[in-house]
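K.L.:
So here's upload19.txt (compact mmCIF, C-alpha atoms).
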# COMPACT_ATOMS: atom_id res chain seq x y z
CA MET A 1 -38.86 -5.80 -5.10
CA VAL A 2 -35.43 -6.18 -3.59
CA LYS A 3 -34.53 -9.25 -1.60
CA LYS A 4 -31.35 -9.80 0.32
CA LYS A 5 -30.00 -13.16 1.19
CA ARG A 6 -26.84 -14.54 2.76
CA SER A 7 -24.89 -16.79 0.50
CA GLN A 8 -21.62 -18.63 0.15
CA GLN A 9 -19.67 -16.94 2.90
CA GLU A 10 -20.52 -15.41 6.18
CA ASN A 11 -19.98 -11.83 5.04
CA SER A 12 -21.25 -12.27 1.53
CA THR A 13 -24.45 -10.45 0.68
CA THR A 14 -26.38 -11.16 -2.47
CA VAL A 15 -28.77 -8.52 -3.65
CA ILE A 16 -31.32 -9.70 -6.20
CA VAL A 17 -33.34 -7.13 -8.02
CA ASP A 18 -36.41 -9.20 -8.72
CA ASP A 19 -38.19 -7.41 -11.47
CA ASP A 20 -39.81 -8.84 -14.58
CA GLU A 21 -38.27 -6.19 -16.81
CA LEU A 22 -34.83 -6.81 -15.43
CA SER A 23 -34.96 -10.56 -15.43
CA ALA A 24 -31.81 -11.96 -16.97
CA ALA A 25 -31.56 -14.48 -19.75
CA PRO A 26 -30.68 -18.01 -18.58
CA GLU A 27 -27.20 -17.85 -20.16
CA GLU A 28 -26.56 -14.56 -18.35
CA ASP A 29 -27.60 -16.16 -15.10
CA GLU A 30 -25.21 -18.98 -15.81
CA ALA A 31 -22.32 -16.57 -16.45
CA TYR A 32 -23.16 -14.73 -13.25
CA THR A 33 -23.25 -17.94 -11.23
CA ASP A 34 -19.98 -19.11 -12.74
CA LEU A 35 -18.27 -15.82 -11.87
CA SER A 36 -19.81 -15.88 -8.44
CA ASN A 37 -18.34 -19.32 -7.78
CA LYS A 38 -14.92 -18.30 -9.07
CA LEU A 39 -14.95 -15.19 -6.89
CA ALA A 40 -15.97 -17.16 -3.83
CA GLU A 41 -12.93 -19.35 -4.42
CA ILE A 42 -10.62 -16.36 -4.94
CA ARG A 43 -12.00 -14.78 -1.80
CA LYS A 44 -10.48 -17.62 0.21
CA ASP A 45 -6.97 -16.28 -0.57
CA LYS A 46 -5.56 -14.59 2.49
CA ASP A 47 -4.48 -11.52 0.50
CA VAL A 48 -7.95 -10.91 -0.90
CA ILE A 49 -9.98 -8.36 1.06
CA GLY A 50 -13.22 -8.90 -0.78
CA TYR A 51 -15.12 -8.45 -4.00
CA ILE A 52 -18.16 -6.93 -5.64
CA LEU A 53 -19.94 -8.68 -8.49
CA ARG A 54 -22.71 -6.79 -10.20
CA SER A 55 -24.93 -7.64 -13.12
CA ALA A 56 -28.01 -5.86 -14.43
CA THR A 57 -30.21 -7.86 -12.09
CA SER A 58 -28.06 -9.04 -9.18
CA ALA A 59 -25.12 -8.07 -7.04
CA THR A 60 -22.95 -10.10 -4.70
CA ILE A 61 -20.75 -8.30 -2.24
CA ASP A 62 -18.26 -9.93 0.07
CA LEU A 63 -16.00 -7.55 1.91
CA LYS A 64 -13.96 -7.65 5.09
CA GLU A 65 -15.40 -4.28 6.08
CA PRO A 66 -19.13 -4.50 5.37
CA GLU A 67 -19.64 -1.03 6.85
CA LYS A 68 -17.69 0.38 3.90
CA ILE A 69 -19.74 -1.33 1.21
CA VAL A 70 -21.02 1.97 -0.18
CA GLU A 71 -17.53 3.45 -0.50
CA TYR A 72 -16.22 0.33 -2.20
CA ALA A 73 -19.22 0.25 -4.56
CA ILE A 74 -18.88 3.92 -5.54
CA PHE A 75 -15.16 3.47 -6.10
CA SER A 76 -15.68 0.36 -8.27
CA SER A 77 -18.30 2.05 -10.35
CA GLN A 78 -16.10 5.13 -10.87
CA VAL A 79 -13.08 3.05 -11.86
CA LEU A 80 -15.05 1.23 -14.55
CA ASP A 81 -16.70 4.41 -15.86
CA SER A 82 -13.49 6.47 -15.97
CA SER A 83 -11.52 3.60 -17.48
CA ARG A 84 -14.10 3.32 -20.25
CA GLU A 85 -13.68 7.07 -20.93
CA ILE A 86 -9.89 6.84 -21.04
CA ALA A 87 -10.01 3.73 -23.22
CA ASP A 88 -12.26 5.56 -25.68
CA LEU A 89 -9.94 8.58 -25.78
CA TYR A 90 -6.97 6.45 -26.84
CA GLU A 91 -8.88 3.85 -28.85
CA LEU A 92 -7.89 1.00 -26.60
CA ASP A 93 -11.06 -0.81 -27.61
CA ASP A 94 -12.68 -3.06 -24.99
CA VAL A 95 -11.42 -2.70 -21.46
CA LYS A 96 -10.19 -6.12 -20.43
CA SER A 97 -9.06 -5.21 -16.92
CA VAL A 98 -8.22 -2.24 -14.75
CA LEU A 99 -5.70 -2.36 -11.94
CA VAL A 100 -5.81 0.46 -9.41
CA GLU A 101 -2.98 0.43 -6.94
CA GLY A 102 -3.46 2.48 -3.82
CA LYS A 103 -1.03 3.26 -1.07
CA GLU A 104 -2.53 0.55 1.13
CA THR A 105 -4.41 -1.90 -1.07
CA LYS A 106 -5.18 -2.48 -4.73
CA ALA A 107 -8.25 -3.27 -6.78
CA LEU A 108 -8.68 -5.29 -9.93
CA CYS A 109 -11.80 -4.32 -11.87
CA MET A 110 -13.23 -5.77 -15.04
CA ASP A 111 -16.37 -6.21 -17.02
CA ILE A 112 -17.04 -9.73 -18.21
CA ASN A 113 -20.09 -10.04 -20.44
CA GLY A 114 -21.90 -7.25 -18.64
CA ASN A 115 -20.93 -8.53 -15.19
CA LYS A 116 -18.95 -5.86 -13.41
CA ILE A 117 -16.34 -7.24 -11.05
CA SER A 118 -14.09 -5.53 -8.53
CA ILE A 119 -11.69 -7.56 -6.44
CA PHE A 120 -9.95 -5.81 -3.56
CA MET A 121 -6.69 -7.21 -2.28
CA GLU A 122 -3.54 -6.49 -0.33
CA LYS A 123 -0.66 -4.96 -2.27
CA THR A 124 1.25 -8.22 -1.95
CA ALA A 125 -1.46 -10.24 -3.72
CA ASP A 126 -0.71 -11.70 -7.14
CA HIS A 127 -3.26 -9.80 -9.24
CA ALA A 128 -2.05 -11.40 -12.48
CA ASP A 129 -2.88 -14.83 -11.11
CA ILE A 130 -6.29 -13.63 -9.91
CA LEU A 131 -6.96 -12.16 -13.34
CA LYS A 132 -6.16 -15.50 -14.96
CA ARG A 133 -8.46 -17.33 -12.58
CA ILE A 134 -11.41 -15.03 -13.17
CA SER A 135 -11.03 -14.60 -16.93
CA PRO A 136 -13.24 -16.78 -19.14
CA MET U 137 15.67 27.90 -13.36
CA ASN U 138 12.13 28.69 -14.32
CA ASN U 139 9.08 26.66 -15.17
CA GLU U 140 9.75 26.75 -18.89
CA VAL U 141 13.08 25.05 -18.49
CA TYR U 142 11.51 22.38 -16.29
CA SER U 143 8.82 21.89 -18.84
CA PHE U 144 11.31 21.70 -21.66
CA ALA U 145 13.45 19.13 -19.87
CA LEU U 146 10.44 16.96 -19.08
CA LYS U 147 9.03 17.33 -22.56
CA SER U 148 12.34 16.28 -24.11
CA THR U 149 12.40 13.27 -21.83
CA LEU U 150 8.91 12.26 -22.90
CA GLN U 151 9.93 12.60 -26.51
CA GLU U 152 12.98 10.43 -25.89
CA ILE U 153 10.81 7.76 -24.32
CA GLN U 154 8.69 7.66 -27.45
CA ASN U 155 11.79 7.58 -29.65
CA ILE U 156 13.31 4.72 -27.71
CA CYS U 157 10.04 2.87 -27.50
CA PRO U 158 7.88 3.46 -30.58
CA ASP U 159 5.12 1.34 -29.07
CA VAL U 160 4.48 4.20 -26.66
CA SER U 161 2.04 6.43 -28.49
CA ASN U 162 1.22 9.11 -25.92
CA THR U 163 2.95 10.43 -22.83
CA PHE U 164 2.34 13.38 -20.57
CA ILE U 165 3.02 14.51 -17.04
CA PHE U 166 0.60 16.32 -14.79
CA GLN U 167 0.30 17.47 -11.23
CA ASP U 168 -2.77 18.76 -9.40
CA GLU U 169 -4.82 18.53 -12.59
CA LYS U 170 -2.35 20.76 -14.47
CA ILE U 171 -0.31 19.62 -17.42
CA LEU U 172 3.41 19.95 -16.73
CA ALA U 173 4.72 18.43 -19.94
CA GLN U 174 3.27 16.63 -22.90
CA ASP U 175 4.44 14.93 -26.04
CA GLU U 176 3.78 16.40 -29.44
CA THR U 177 1.18 13.89 -30.51
CA THR U 178 -1.44 14.14 -27.78
CA PRO U 179 -3.95 16.98 -28.08
CA GLU U 180 -4.37 19.07 -24.96
CA LYS U 181 -8.10 18.43 -24.96
CA THR U 182 -7.53 14.67 -24.79
CA ILE U 183 -5.06 15.13 -21.95
CA ASN U 184 -7.50 17.27 -19.99
CA GLN U 185 -10.26 14.72 -20.48
CA THR U 186 -7.90 12.00 -19.26
CA ILE U 187 -6.95 14.04 -16.21
CA ASP U 188 -10.64 14.63 -15.43
CA ALA U 189 -11.45 10.93 -15.67
CA PHE U 190 -8.41 10.06 -13.58
CA THR U 191 -9.23 12.70 -10.96
CA ALA U 192 -12.73 11.28 -10.63
CA ILE U 193 -11.19 7.97 -9.56
CA THR U 194 -8.63 9.65 -7.31
CA GLU U 195 -11.39 11.49 -5.46
CA LYS U 196 -12.95 8.18 -4.50
CA ALA U 197 -9.73 6.29 -3.87
CA ASP U 198 -9.54 6.89 -0.13
CA ILE U 199 -10.91 3.41 0.35
CA ILE U 200 -7.63 1.97 -1.04
CA GLY U 201 -5.50 4.55 0.74
CA GLY U 202 -5.16 7.04 -2.11
CA MET U 203 -4.11 6.54 -5.69
CA ASN U 204 -0.66 5.36 -6.71
CA ASN U 205 -1.06 3.72 -10.06
CA LEU U 206 -3.76 3.02 -12.63
CA THR U 207 -3.40 0.52 -15.45
CA ILE U 208 -6.14 0.05 -18.01
CA GLN U 209 -5.62 -2.98 -20.20
CA GLY U 210 -7.61 -2.69 -23.40
CA THR U 211 -7.86 -5.05 -26.35
CA ASN U 212 -5.77 -2.66 -28.48
CA GLY U 213 -3.38 -1.27 -25.94
CA ARG U 214 -2.72 -0.15 -22.45
CA ALA U 215 -2.96 3.12 -20.51
CA ASN U 216 -0.94 3.62 -17.39
CA ILE U 217 -0.94 6.56 -15.02
CA ALA U 218 1.72 6.29 -12.33
CA CYS U 219 2.57 8.54 -9.45
CA ILE U 220 6.23 9.53 -9.62
CA ASN U 221 7.69 12.07 -7.18
CA ASN U 222 4.33 13.83 -6.68
CA PHE U 223 3.80 13.99 -10.43
CA TYR U 224 1.60 11.71 -12.46
CA LEU U 225 3.07 10.23 -15.60
CA ALA U 226 0.61 8.93 -18.18
CA THR U 227 1.84 6.45 -20.76
CA ILE U 228 -0.30 4.99 -23.51
CA SER U 229 1.19 2.05 -25.35
CA SER U 230 0.10 -0.40 -27.99
CA LYS U 231 -0.70 -4.02 -27.20
CA GLU U 232 2.68 -4.99 -28.70
CA ALA U 233 4.60 -2.93 -26.15
CA ASP U 234 6.62 -4.76 -23.56
CA GLU U 235 5.01 -3.59 -20.34
CA LYS U 236 8.05 -4.31 -18.19
CA TYR U 237 10.40 -2.49 -20.55
CA VAL U 238 8.14 0.55 -20.78
CA ASN U 239 7.66 0.67 -17.03
CA THR U 240 11.36 0.29 -16.34
CA LEU U 241 12.20 2.98 -18.84
CA THR U 242 9.65 5.53 -17.65
CA ARG U 243 10.17 4.86 -13.98
CA ILE U 244 13.92 5.33 -14.24
CA LEU U 245 14.20 8.09 -16.79
CA ILE U 246 11.56 10.47 -15.44
CA PRO U 247 12.68 10.34 -11.79
CA THR U 248 16.29 10.74 -12.94
CA VAL U 249 15.45 13.87 -14.89
CA ILE U 250 13.37 15.23 -12.01
CA ARG U 251 16.21 14.52 -9.60
CA LEU U 252 18.65 16.30 -11.88
CA LEU U 253 16.33 19.27 -12.13
CA GLU U 254 15.92 19.34 -8.38
CA LYS U 255 19.69 19.28 -7.96
CA ILE U 256 20.12 22.16 -10.35
CA HIS U 257 17.37 24.07 -8.61
CA PRO U 258 15.90 22.53 -5.48
CA ALA U 259 12.58 24.40 -5.44
CA LEU U 260 10.19 22.56 -7.74
CA PRO U 261 7.43 24.69 -9.16
CA GLY U 262 4.29 24.24 -7.21
CA ASP U 263 1.67 26.87 -7.86
CA GLU U 264 2.35 27.81 -11.44
CA THR U 265 1.48 25.68 -14.41
CA LEU U 266 4.47 24.61 -16.40
CA THR U 267 3.75 25.81 -19.86
CA PRO U 268 5.38 23.77 -22.57
CA VAL U 269 6.93 26.77 -24.31
CA TYR U 270 9.94 26.14 -26.50
CA HIS U 271 13.14 27.69 -25.31
CA GLU U 272 16.43 28.31 -26.99
CA PRO U 273 17.80 24.97 -28.14
CA ILE U 274 19.35 23.07 -25.31
CA GLU U 275 21.59 20.09 -25.91
CA PRO U 276 19.97 17.01 -24.46
CA GLU U 277 21.44 16.12 -21.08
CA PRO U 278 23.73 13.11 -21.15
CA VAL U 279 21.27 11.31 -18.93
CA GLU U 280 23.07 8.41 -17.25
CA ASP U 281 21.61 5.97 -19.77
CA GLU U 282 23.35 4.85 -22.88
CA VAL U 283 19.93 4.30 -24.33
CA ALA U 284 19.19 7.99 -24.05
CA GLU U 285 22.37 8.79 -25.93
CA ASP U 286 21.46 6.49 -28.76
CA ALA U 287 18.05 8.01 -28.98
CA ALA U 288 19.54 11.49 -28.99
CA ASP U 289 21.52 10.58 -32.10
CA GLN U 290 18.44 9.30 -33.81
CA THR U 291 16.53 12.46 -33.08
CA GLU U 292 19.28 14.90 -33.91
CA ASP U 293 17.75 15.81 -37.23
CA GLN U 294 14.34 16.14 -35.73
CA GLN U 295 15.70 18.43 -33.04
CA GLU U 296 17.41 20.62 -35.58
CA GLU U 297 14.08 21.12 -37.25
CA GLU U 298 12.52 21.91 -33.94
CA SER U 299 15.30 24.38 -33.17
CA ASP U 300 14.16 26.54 -36.04
CA GLN U 301 10.72 26.49 -34.60
CA PHE U 302 12.08 27.42 -31.19
CA VAL U 303 13.79 30.50 -32.56
CA GLU U 304 10.61 31.62 -34.17
CA GLU U 305 8.56 31.13 -31.05
CA THR U 306 11.24 32.52 -28.80
CA ALA U 307 11.11 35.79 -30.66
CA THR U 308 7.49 36.26 -29.70
CA THR U 309 8.20 35.74 -26.04
CA LYS U 310 11.44 37.65 -25.85
CA ASP U 311 10.26 40.17 -23.27
CA GLU U 312 8.91 37.43 -21.11
CA GLU U 313 12.15 35.54 -21.21
CA GLU U 314 14.22 38.57 -20.37
CA GLN U 315 12.37 38.69 -17.09
CA PHE U 316 13.43 35.15 -16.35
CA GLU U 317 17.04 35.58 -17.40
CA PRO U 318 18.50 36.23 -13.98
CA GLU U 319 16.82 33.05 -12.75
CA ILE U 320 18.24 30.96 -15.55
CA ASP U 321 21.78 32.01 -14.62
CA THR U 322 22.16 29.18 -12.18
CA GLU U 323 24.73 29.73 -9.51
CA PRO U 324 27.48 27.15 -9.21
CA LEU U 325 26.47 24.31 -6.94
CA LEU U 326 27.86 24.82 -3.47
CA PRO U 327 29.39 21.86 -1.69
CA GLU U 328 27.71 20.54 1.43
CA PRO U 329 28.96 22.42 4.50
CA PRO U 330 31.70 20.35 6.12
CA VAL U 331 31.05 19.17 9.65
CA THR U 332 33.90 19.58 12.11
CA GLN U 333 34.02 17.95 15.51
CA LEU U 334 35.40 20.14 18.27
CA ILE U 335 35.75 19.98 22.04
CA VAL U 336 34.08 22.68 24.12
CA GLU U 337 36.24 24.97 26.21
CA ASN U 338 35.07 27.79 28.42
CA ILE U 339 35.62 31.37 27.52
CA GLY U 340 34.70 34.28 29.74
CA GLY U 341 35.59 37.79 30.69
CA LEU U 342 34.19 41.29 30.43
CA LEU U 343 35.14 41.81 26.81
CA VAL U 344 33.89 38.46 25.56
CA ALA U 345 30.69 38.59 23.49
CA SER U 346 28.19 36.12 24.87
CA ASP U 347 26.83 35.28 21.39
CA THR U 348 30.12 34.45 19.71
CA VAL U 349 32.21 31.31 19.75
CA ARG U 350 35.86 31.11 18.87
CA ILE U 351 37.11 28.54 16.39
CA ASP U 352 40.54 27.48 15.22
CA ASN U 353 41.72 29.62 12.33
CA GLU U 354 42.69 26.56 10.30
CA VAL U 355 39.09 25.46 10.24
CA ILE U 356 37.95 28.92 9.15
CA ILE U 357 40.57 28.98 6.39
CA GLN U 358 39.30 25.62 5.11
CA TRP U 359 35.75 26.99 4.95
CA ASN U 360 36.90 30.10 3.11
CA GLU U 361 38.80 28.00 0.58
CA LEU U 362 35.76 25.83 0.04
CA TYR U 363 33.26 28.63 -0.45
CA GLY U 364 35.46 31.29 -2.05
CA ASP U 365 33.67 34.60 -2.12
CA LYS U 366 30.73 33.44 0.00
CA LYS U 367 30.70 35.22 3.31
CA ILE U 368 30.43 33.01 6.34
CA ASN U 369 29.22 34.93 9.35
CA GLU U 370 27.66 32.25 11.47
CA VAL U 371 28.02 28.60 12.41
CA THR U 372 25.58 25.91 13.46
CA ILE U 373 26.65 23.97 16.51
CA GLU U 374 25.11 20.63 17.42
CA THR U 375 25.66 18.55 20.51
CA LEU U 376 25.69 14.75 20.56
CA SER U 377 22.23 14.83 22.13
CA GLY U 378 20.91 16.74 19.11
CA LYS U 379 20.60 20.25 20.58
CA THR U 380 21.51 22.87 18.02
CA THR U 381 22.10 26.58 17.95
CA ARG U 382 23.33 29.12 15.47
CA CYS U 383 25.75 31.85 16.51
CA LYS U 384 28.51 34.15 15.33
CA PHE U 385 32.12 33.06 15.38
CA LYS U 386 35.62 34.45 15.48
CA GLN U 387 39.02 32.87 15.25
CA ILE U 388 40.88 31.79 18.39
CA LYS U 389 43.34 34.50 19.30
CA LYS U 390 45.81 32.73 21.53
CA SER U 391 48.37 30.73 19.56
CA LYS U 392 48.63 28.15 22.33
CA ASP U 393 44.99 27.22 21.71
CA THR U 394 45.27 26.78 17.97
CA GLY U 395 45.39 23.38 16.32
CA LYS U 396 43.94 21.65 19.37
CA GLY U 397 40.50 20.96 17.94
CA ILE U 398 38.66 23.10 20.43
CA ILE U 399 35.79 25.55 20.31
CA LYS U 400 35.80 28.32 22.88
CA MET U 401 32.24 28.78 23.99
CA PRO U 402 30.66 31.41 26.27
CA GLU U 403 28.52 30.12 29.15
CA LYS U 404 25.31 31.45 27.61
CA ILE U 405 25.69 29.30 24.49
CA GLN U 406 26.70 26.31 26.62
CA LEU U 407 23.45 26.73 28.56
CA THR U 408 21.45 26.91 25.34
CA LEU U 409 23.06 23.72 24.09
CA GLU U 410 22.91 22.08 27.52
CA THR U 411 26.59 21.27 27.18
CA SER U 412 29.73 22.02 29.12
CA GLU U 413 33.50 22.09 28.92
CA GLY U 414 35.04 18.89 27.58
CA ALA U 415 31.95 17.85 25.61
CA LEU U 416 32.12 17.08 21.92
CA VAL U 417 30.12 19.19 19.47
CA THR U 418 29.87 19.36 15.69
CA VAL U 419 30.24 22.68 13.93
CA LYS U 420 29.38 23.62 10.39
CA PRO U 421 29.40 26.97 8.59
CA VAL U 422 26.16 28.67 7.64
CA ILE U 423 26.30 29.54 3.96
CA GLU U 424 23.87 32.30 3.05
Let me see the file written as structure tokens.
P.N.:
Amino acid sequence: MVKKKRSQQENSTTVIVDDDELSAAPEEDEAYTDLSNKLAEIRKDKDVIGYILRSATSATIDLKEPEKIVEYAIFSSQVLDSSREIADLYELDDVKSVLVEGKETKALCMDINGNKISIFMEKTADHADILKRISP
Amino acid sequence: MNNEVYSFALKSTLQEIQNICPDVSNTFIFQDEKILAQDETTPEKTINQTIDAFTAITEKADIIGGMNNLTIQGTNGRANIACINNFYLATISSKEADEKYVNTLTRILIPTVIRLLEKIHPALPGDETLTPVYHEPIEPEPVEDEVAEDAADQTEDQQEEESDQFVEETATTKDEEEQFEPEIDTEPLLPEPPVTQLIVENIGGLLVASDTVRIDNEVIIQWNELYGDKKINEVTIETLSGKTTRCKFKQIKKSKDTGKGIIKMPEKIQLTLETSEGALVTVKPVIE
């Protein structure tokens, strides 16, 4: 069963996949909640356009353009998958972060303990500072 | 200049980057999913897999306004793919590498080489893949940087070894290269056509060609001195309002009109340019 609820911010949508098989361990839940709180704080920065946080059981999406959620989600997923491939090719080991700079905006993607995060921001945003704030 | 020379120049540059910065383990350049130049250490299969993975992101990057730069920070190193002058430059470096230094180096050196190549031959290869085929040994360009010079010294021995290889490989592609030879003979760079400001004066009469202007002989002599054997048959005239036209020209016949900075212009050309007697125009020779 999939439930949707509004949380934290007006545009933020939390999707909880409520399934016994997918139920997360308490420590995983804790990590997810911690990241979710950090992201909500980062989202307040004026240069931050939004974010996607996804774990095996839940997803929180907060974007300025909710109508483009699917495009943002597909892009995030592709960035993490392709980065993993490239990292494997050159033996970079674990991917700590991925920065994708576009002509208009940029995205910072990472995987923290199985929680996949993508933060979208203006090109002027300080991504290094955001990375510090989100890193464990 | 042909694709091979481009490829060779870019390949040498990549090699220099790795020589200067040993923390850079792999470098290659690609465009439209085709490899333009690669270092000697990265297998082609790996490069193609990288390009595929990168393209998969690019295809979905409309949401961020298209792809400019990708940086993957791993525990053991970093991969960067940056868009430079319509090319993509991939640089893989170890975790010890100084990111700023590597970025500064690659983002100055590669565009400089590309600019030099464009100056030597303005038409960059578009459709054909640049095959990294070795050519006859070419002395490394004294690329603006002192750093490049130092690195060239360090790699002299290595290049000598490579030279032997080049000769061997060149022999196999001799016929192919002969075809390209005329292209490699680059013509001397022509100077920019000088722009001369002249004042319009009417010219008319039965025997006056309506498609030909008359210009001071001194100006024509200057052009001839500048371009030597190049034949100049036409000029481009531009008005202050931006209207332009191209027409034939002859020298002013009457000695009383010479040295006055005028251009004798038939009415038809004046109409085309929407100009009239007394107006200022700029004139430059058309070099074919």
K.L.:
Go through U:Ala218, U:Leu409, U:Ile398, U:Ile250 and flag the residue nearest chain A, using only C-alpha atoms for the distances.
P.N.:
U:Ala218
K.L.:
Provide the atom CA of A:Ser82 to atom CA of A:Leu63 distance in Å, to one decimal place.
P.N.:
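Going from atom CA of A:Ser82 over to atom CA of A:Leu63 covers 22.9 Å.
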K.L.:
Please report as a tab-separated table every residue of chain U lying within 10 Å of chain A, along with the nearest atom pair and their distance in Å (one decimal), using all atoms listed in the file.
P.N.:
residue	atom	partner	partner_atom	distance
U:Ser161	CA	A:Tyr90	CA	9.2
U:Asn162	CA	A:Tyr90	CA	8.7
U:Thr178	CA	A:Tyr90	CA	9.5
U:Thr182	CA	A:Leu89	CA	6.6
U:Ile183	CA	A:Leu89	CA	9.0
U:Gln185	CA	A:Ile86	CA	7.9
U:Thr186	CA	A:Ile86	CA	5.8
U:Ile187	CA	A:Ile86	CA	9.2
U:Asp188	CA	A:Ser82	CA	8.7
U:Ala189	CA	A:Ser82	CA	4.9
U:Phe190	CA	A:Ser82	CA	6.7
U:Thr191	CA	A:Ser82	CA	9.1
U:Ala192	CA	A:Gln78	CA	7.0
U:Ile193	CA	A:Val79	CA	5.8
U:Thr194	CA	A:Phe75	CA	9.1
U:Glu195	CA	A:Phe75	CA	8.9
U:Lys196	CA	A:Phe75	CA	5.4
U:Ala197	CA	A:Phe75	CA	6.5
U:Asp198	CA	A:Gly102	CA	8.4
U:Ile199	CA	A:Tyr72	CA	6.6
U:Ile200	CA	A:Thr105	CA	5.0
U:Gly201	CA	A:Lys103	CA	5.0
U:Gly202	CA	A:Gly102	CA	5.2
U:Met203	CA	A:Gly102	CA	4.5
U:Asn204	CA	A:Gly102	CA	4.9
U:Asn205	CA	A:Glu101	CA	4.9
U:Leu206	CA	A:Val100	CA	4.6
U:Thr207	CA	A:Leu99	CA	5.1
U:Ile208	CA	A:Val98	CA	4.5
U:Gln209	CA	A:Ser97	CA	5.3
U:Gly210	CA	A:Val95	CA	4.3
U:Thr211	CA	A:Asp94	CA	5.4
U:Asn212	CA	A:Leu92	CA	4.6
U:Gly213	CA	A:Leu92	CA	5.1
U:Arg214	CA	A:Leu92	CA	6.7
U:Ala215	CA	A:Ala87	CA	7.6
U:Asn216	CA	A:Leu99	CA	9.4
U:Ile217	CA	A:Val100	CA	9.6
U:Ala218	CA	A:Glu101	CA	9.2
U:Ile228	CA	A:Tyr90	CA	7.6
U:Ser229	CA	A:Leu92	CA	9.2
U:Ser230	CA	A:Leu92	CA	8.2
U:Lys231	CA	A:Leu92	CA	8.8
K.L.:
Check the smallest atom-to-atom distance from each of U:Asp168, U:Glu413, U:Asp352, U:Glu424 to U:Asn184 using all atoms listed in the file, then report the winner.
P.N.:
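Counting all atoms listed in the file, the residue closest to U:Asn184 is U:Asp168.
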K.L.:
At what distance in Å, to one decimal, does atom CA of U:Glu403 lie from atom CA of U:Leu376?
P.N.:
17.8 Å
K.L.:
Between atom CA of U:Gly414 and atom CA of U:Arg350, what is the distance in Å, rounded to a tenth?
P.N.:
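Computed distance, atom CA of U:Gly414 to atom CA of U:Arg350, equals 15.0 Å.
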K.L.:
Counting all atoms listed in the file, note down every residue that has an atom within 9 Å of the point (16.6, 19.1, 26.4) (file coordinates), as a list in words.
P.N.:
Ser377, Gly378, Lys379, Leu409 and Glu410 of chain U
K.L.:
Leaving out stretch 28-39 of chain A and any residue of its chain fewer than 3 positions from it, which residues lie within 9 Å of it when counting all atoms listed in the file, given as JSON, numbers by chain?
P.N.:
{"A": [8, 24, 25, 42, 43, 44, 50, 51, 52, 53, 54, 55, 58, 60, 112, 113, 114, 115, 117, 119, 133, 134, 135, 136]}
